[in-house]
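Below is one structure, written out as structure tokens; the observations come after it.
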Amino acid sequence: MKLRLILGDQLTSSISSLSDVSKGDLILMCEVRQEATYVKHHKKKITFLFSAMRHFAGDLKQQGLNVRYVGYDDPNNTGSLLEEVRTALNLHSCDEVIVTKPSEYRLLDELQTWAEILPVPVVLRDDDRFLSSQSEFNLWANGRKQLRMEYFYREMRRKYSILMDAGGPIGGQWNYDAENRKPPANGLDIPETYKETPDEITQDVIALVETHFSDHFGDLFPFHFAVTRDQALAALDEFIARRLRLFGDYQDAMIQGEPWMYHSHIALYLNCGLLNPLECVERAEAAFHRGDAPLNAAEGFIRQILGWREYVRGIYWLKMPDYKVANFLGADRALPDFYWSGDTQMNCMRQCITETKQNAYAHHIQRLMVLGNFALLAGLHPDEVNEWYLLVYADAFEWVELPNVSGMILFADGGLLASKPYAASGSYINKMSNYCGSCKYKPTVKNGPTACPFNYLYWDFLARNDGKLRGNPRMGFMYKSLDRMNDEKRQAIQDDCRRFFNAMQANEKV
Ligand code: FAD
Ligand code: DLZ
Ligand code: SF4
């Protein structure tokens with residue numbers, strides 16, 4: 001009899017730890033304090049995962065499999081995965097523990113010690129739910145000076161023959177990003193996101209989360225996420241039918257009061273295993289071939305999954321554990337309180353934080369060019385920024401969160417993932433959103449109390465990091481502009497930054 005441990009982001013019936021399961025085996029799933037509180041996850045994230053875990057366990061039981069499910073408020077719940085495995089081993093005569101390798105370094109590191117602690121062998125199997133194995137990624141990365149996503153992505157397109165035509169990319173180009181930067185238009189008819197009514201299982205979890213996690217970040221109500229594979233597939237199909245068509249055009253656009261835009265809202269389902277990446281890619285490709293989505297939309301969406309998602313996972317395992325402590329720019333400022341409360345005069349930040357609080361979701365450009373851009377410009381410490389991103393989003397797991405935060409937004413890895421920092425002034429946010437119209441600050445004013453803080457923070461960021469960034473060939477133009485500034489302008493920037501940071505540190509509303 002084998003003991004097969006299934007973790008909360010391993011909710012896939014074909015997962016490697018179950019590949020040879022038999023009815024005589026014991027499958028263990030547990031809701032434990034260790035995992036629910038290693039960061040104080042958003043209430044919706046815990047609700048989603050616990051409910052999805054309970055539904056998945058129910059499906060396995062229906063298949064006649066033997067599942068031991070330990071609920072969070074089970075009086076004998078020890079709170080730790082190791083102790084739950086030990087308890088199960090004591091109650092049943094299992095001769096081996098089988099687990100698919102955890103997706104996070106932290107937990108893999110722990111599980112690798114279990115073989116010495118437990119009385120039976122512990123077998124860790126590879127997680128084969130990704131489209132590129134780690135050894136394949138390492139082979140691709142080996143010997144390359146720069147690990148650019150674009151080249152990795154092209155190999156993945158060839159490997160899976162996605163959007164290919166006679167050995168080359170359909171349409172003659174690999175990447176249609178240039179068409180995917182439309183600013184928001186007036187009068188867009190944006191479809192609602194997929195909404196599921198909580199069933200009895202989810203309602204039980206909601207009550208549990210209200211009781212045990214009331215001090216965690218975020219709004220619990222309303223809760224509408226899918227929690228089963230069938231529901232997640234319905235959410236995917238709804239995206240393909242209703243939003244994919246305009247996904248590309250408005251991929252970077254932000255509109256006040258429209259948190260979902262034309263994005264897919266499936267990362268949480270992909271990351272816990274309810275959806276698999278290839279089926280998402282293939283459904284988008286099929287929509288293109290049917291004529292239901294233009295090439296810029298289908299290619300743009302496919303690149304996110306076949307390219308970015310696989311690439312950041314490859315980088316994570318290639319560079320951990322060093323990646324976690326990387327701080328190339330030496331950023332050391334504390335995360336301001338408004339990241340938790342949304343209580344700031346900067347309307348773009350207020351919108352993105354409020355929506356994050358409400359939905360455990362923000363789309364990519366909100367995460368990157370508003371919330372992330374501010375963290376970069378203000379020099380917030382990578383540890384604090386990483387912790388925030390890891391707990392506020394329902395799709396956040398360290399393997400995908402850390403490279404996006406330390407690599408993509410903070411340039412903490414010194415340029416391994418991004419060829420230059422994604423630093424931008426208020427004019428970018430003004431162009432790609434309608435946030436500025438409702439802001440106390442003005443994006444066109446560069447200095448003084450009414451100036452958009454992103455404007456002076458941008459120049460201060462460049463000046464502060466001169467020694468580290470000036471040599472970057474993609475930054476030459478920006479440093480030339482900085483060099484052209486007279487002393488008076490430089491002084492104004494310094495004065496504004498001092499005033500802003502002093503007020504922020506003193507917890508005044510900035
Ligand atoms: P869509 O915009 O519809 O994209 C489709 C899918 O592509 C996503 O579901 C996701 O699986 C994948 N994808 C898109 N961009 C990326 C990317 N940069 N890296 C990896 N996969 C990508 N994504 C997470 O899944 N978990 C995270 O914790 C996470 N943290 C992020 C932190 C920062 C600072 C940034 C800039 C990005 C982060 N992302 C993260 C990537 C991306 O923002 C989210 O995947 C996306 O917003 C999820 O919404 P969606 O499903 O509507 O995605
Ligand atoms: C994120 C999460 C949460 C909130 N709770 C649990 C849990 O109680 N039990 C569990 O098995 N997994 C949970 N997870 C997901 C794990 O944190 C995730 O599997 C690891 O981080 C992957 O290394
Ligand atoms: Fe954000 Fe500046 Fe625009 Fe205000 S003016 S919404 S702070 S970019």
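Scheme for the structure tokens: letters A, B, ... for chains in order shown; per-chain residue numbers from 1; ligand numbers from 1 in order shown.
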
Protein and nucleic acid residues within 7 Å of ligand 2 (only C-alpha atoms and all ligand atoms) as an MDAnalysis selection string: chainID A and resid 6:10 29:33 35:37 41 45:46 49:50 102:108 397

List every residue of range 106-147 of chain A that DSSP, applied to the backbone of this structure, assigns to helix (DSSP H, G or I), and report them as a list in words.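 The helix (DSSP H, G or I) subset of range 106-147 of chain A is Arg106, Leu107, Leu108, Asp109, Glu110, Leu111, Trp114, Ala115, Glu116, Ile117, Gln134, Ser135, Glu136, Phe137, Asn138, Leu139, Trp140 and Ala141 of chain A.
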
Let me make sure I understand: among A:Arg303, A:Arg350, A:Arg309, A:Lys446, which one has the smallest atom-to-atom distance to ligand 1 if we use only C-alpha atoms and all ligand atoms? A:Arg309

How would you write, as a ChimeraX atom specification, the set of residues no farther than 12 Å from ligand 3 when counting only C-alpha atoms and all ligand atoms? /A:254-256,344-352,366,369-371,373-374,424-447,449-458,510

If you count only C-alpha atoms, which residues fall within 9 Å of Lys182 in chain A, apart from same-chain ones fewer than 2 positions away, as a PDB file with N, CA and C atoms, in the first residue's frame?
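The file below, result22.pdb, is the result:
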ATOM      1  N   GLU A 179       0.983  45.167 -32.370  1.00  0.00           N
ATOM      2  CA  GLU A 179      -0.452  45.458 -32.584  1.00  0.00           C
ATOM      3  C   GLU A 179      -1.241  45.413 -31.281  1.00  0.00           C
ATOM      4  N   ASN A 180      -0.565  45.038 -30.201  1.00  0.00           N
ATOM      5  CA  ASN A 180      -1.278  44.762 -28.946  1.00  0.00           C
ATOM      6  C   ASN A 180      -1.098  45.864 -27.903  1.00  0.00           C
ATOM      7  N   PRO A 184      -7.038  52.466 -24.090  1.00  0.00           N
ATOM      8  CA  PRO A 184      -8.460  52.148 -23.908  1.00  0.00           C
ATOM      9  C   PRO A 184      -9.332  53.019 -24.807  1.00  0.00           C
ATOM     10  N   ALA A 185     -10.377  52.398 -25.344  1.00  0.00           N
ATOM     11  CA  ALA A 185     -11.300  53.169 -26.184  1.00  0.00           C
ATOM     12  C   ALA A 185     -12.572  53.420 -25.392  1.00  0.00           C
ATOM     13  N   GLY A 248      -5.807  40.720 -27.637  1.00  0.00           N
ATOM     14  CA  GLY A 248      -4.572  41.348 -28.115  1.00  0.00           C
ATOM     15  C   GLY A 248      -4.684  42.865 -28.124  1.00  0.00           C
ATOM     16  N   ASP A 249      -5.727  43.360 -28.778  1.00  0.00           N
ATOM     17  CA  ASP A 249      -5.866  44.814 -28.935  1.00  0.00           C
ATOM     18  C   ASP A 249      -5.749  45.546 -27.603  1.00  0.00           C
ATOM     19  N   TYR A 250      -6.448  45.040 -26.580  1.00  0.00           N
ATOM     20  CA  TYR A 250      -6.520  45.797 -25.314  1.00  0.00           C
ATOM     21  C   TYR A 250      -5.740  45.140 -24.182  1.00  0.00           C
ATOM     22  N   GLN A 251      -4.741  44.333 -24.564  1.00  0.00           N
ATOM     23  CA  GLN A 251      -3.957  43.602 -23.568  1.00  0.00           C
ATOM     24  C   GLN A 251      -3.291  44.531 -22.555  1.00  0.00           C
ATOM     25  N   ASP A 252      -2.879  45.703 -22.999  1.00  0.00           N
ATOM     26  CA  ASP A 252      -2.145  46.611 -22.107  1.00  0.00           C
ATOM     27  C   ASP A 252      -3.021  47.753 -21.577  1.00  0.00           C
ATOM     28  N   ALA A 253      -4.295  47.746 -21.934  1.00  0.00           N
ATOM     29  CA  ALA A 253      -5.139  48.890 -21.564  1.00  0.00           C
ATOM     30  C   ALA A 253      -5.730  48.731 -20.160  1.00  0.00           C
ATOM     31  N   MET A 432      -2.115  54.674 -21.378  1.00  0.00           N
ATOM     32  CA  MET A 432      -2.696  53.328 -21.420  1.00  0.00           C
ATOM     33  C   MET A 432      -3.903  53.159 -20.497  1.00  0.00           C
TER      34      MET A 432
END

Kindly assemble as a tab-separated table a list of the chain A residues that lie within 7 Å of ligand 1, each paired with its nearest atom pair and their distance in Å to one decimal, using only C-alpha atoms and all ligand atoms, sorted first by chain and then by ascending residue number.
residue	atom	partner	partner_atom_place_in_ligand_line	distance
A:His263	CA	ligand 1	3 (O)	3.9
A:Ser264	CA	ligand 1	3 (O)	3.6
A:His265	CA	ligand 1	52 (O)	3.3
A:Ile266	CA	ligand 1	51 (O)	4.0
A:Ala267	CA	ligand 1	9 (O)	3.3
A:Leu268	CA	ligand 1	25 (O)	6.4
A:Leu270	CA	ligand 1	11 (O)	6.2
A:Asn271	CA	ligand 1	25 (O)	6.4
A:Phe301	CA	ligand 1	5 (C)	5.6
A:Gln304	CA	ligand 1	7 (O)	3.9
A:Ile305	CA	ligand 1	7 (O)	4.3
A:Trp308	CA	ligand 1	19 (N)	4.9
A:Arg309	CA	ligand 1	21 (N)	3.5
A:Val312	CA	ligand 1	19 (N)	6.0
A:Ala362	CA	ligand 1	47 (O)	6.1
A:His363	CA	ligand 1	47 (O)	4.0
A:His364	CA	ligand 1	43 (O)	3.5
A:Ile365	CA	ligand 1	36 (C)	6.8
A:Arg367	CA	ligand 1	36 (C)	4.7
A:Leu368	CA	ligand 1	36 (C)	3.9
A:Gly372	CA	ligand 1	34 (C)	5.6
A:Tyr389	CA	ligand 1	32 (C)	6.1
A:Leu390	CA	ligand 1	28 (O)	5.9
A:Tyr393	CA	ligand 1	28 (O)	6.3
A:Asp395	CA	ligand 1	26 (N)	4.5
A:Ala396	CA	ligand 1	28 (O)	3.1
A:Phe397	CA	ligand 1	28 (O)	5.3
A:Glu398	CA	ligand 1	28 (O)	6.7
A:Val400	CA	ligand 1	26 (N)	5.1
A:Glu401	CA	ligand 1	28 (O)	3.7
A:Asn404	CA	ligand 1	33 (C)	4.6
A:Val405	CA	ligand 1	34 (C)	4.4
A:Met408	CA	ligand 1	36 (C)	6.4
A:Ile409	CA	ligand 1	34 (C)	5.8

Report as a PyMOL selection string all protein, DNA and RNA residues lying within 9 Å of Asp460 in chain A, evaluated on only C-alpha atoms, omitting residues in the same chain fewer than 3 positions from it. chain A and resi 377-378+455-457+463-465+490+493-494+497
